[in-house]
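Let me begin by presenting the structure, written as structure tokens, before commenting on it.
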Amino acid sequence: MDAGDWAVLLTAATAAGWVDAVVGGGGLILLPALFLVAPGLTPQAALATNKLTAIWGTGAAVLTFARRIPLRWSVLA
């Protein structure tokens, strides 16, 4: 993969993260980009990569939220 491929993936991942945070469904942006950049990628690998990025994005959102809003962790547990 060259720098252009990485630029496409980074742009798609950023757009997908924004769409996912606002309305959900960021995978509809990232999955086609993965298949565009790596056409030999199996559908299972593309879905797993998409899910991995979604997990990291949601985790980052939770950490940001937890830092800004005081949470009662005993109630959440």
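Just so we're on the same page: first chain in the structure tokens is A, next is B, and so on; residues restart at 1 for each chain, and ligands are numbered from 1 in the order they show up.
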
Point to revise | Polymer residues at most 8 Å from A:Ala15, only C-alpha atoms, same-chain spacing of 4 or more positions, as JSON, numbers by chain | key: {"A": [11, 19, 26, 29]}

Exercise for review: Write out as an MDAnalysis selection string each polymer residue whose atoms come within 12 Å of A:Ala33, counting only C-alpha atoms; drop sequence neighbours fewer than 6 positions from it.
Suggested key: chainID A and resid 5:16 26:27 39 41 46:47 49:50

Pull C-alpha atoms from the residues just selected and write them as a JSON list (two decimals), in the first residue's frame.
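The resulting file, selection.json, is shown below:
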```
[["chain", "number", "residue", "atom", "x", "y", "z"],
["A", 5, "ASP", "CA", -4.02, 4.31, -0.31],
["A", 6, "TRP", "CA", -3.34, 5.33, 3.27],
["A", 7, "ALA", "CA", -4.71, 8.81, 2.56],
["A", 8, "VAL", "CA", -7.93, 7.32, 1.16],
["A", 9, "LEU", "CA", -8.32, 5.03, 4.17],
["A", 10, "LEU", "CA", -7.60, 7.81, 6.66],
["A", 11, "THR", "CA", -10.10, 10.13, 4.99],
["A", 12, "ALA", "CA", -12.73, 7.38, 4.85],
["A", 13, "ALA", "CA", -12.12, 6.40, 8.48],
["A", 14, "THR", "CA", -12.44, 10.02, 9.61],
["A", 15, "ALA", "CA", -15.67, 10.49, 7.68],
["A", 16, "ALA", "CA", -17.00, 7.15, 8.93],
["A", 26, "GLY", "CA", -20.12, 4.70, 9.48],
["A", 27, "GLY", "CA", -19.37, 1.24, 8.11],
["A", 39, "PRO", "CA", -9.68, -5.50, -3.64],
["A", 41, "LEU", "CA", -9.46, -8.49, 0.95],
["A", 46, "ALA", "CA", -13.05, -6.22, 5.85],
["A", 47, "LEU", "CA", -15.92, -6.60, 8.34],
["A", 49, "THR", "CA", -11.37, -4.38, 10.31],
["A", 50, "ASN", "CA", -14.48, -2.21, 10.27]]
```

Exercise for review: Rank A:Leu30, A:Val22, A:Ala3, A:Arg67 by their smallest atom-to-atom distance to A:Ala54, using only C-alpha atoms, and report the top residue only.
Suggested key: A:Leu30

Practice item. As a PyMOL selection string, please: all residues of chain A that backbone DSSP puts in alpha helix (DSSP H). Key: chain A and resi 3-22+27-37+43-68+73-76
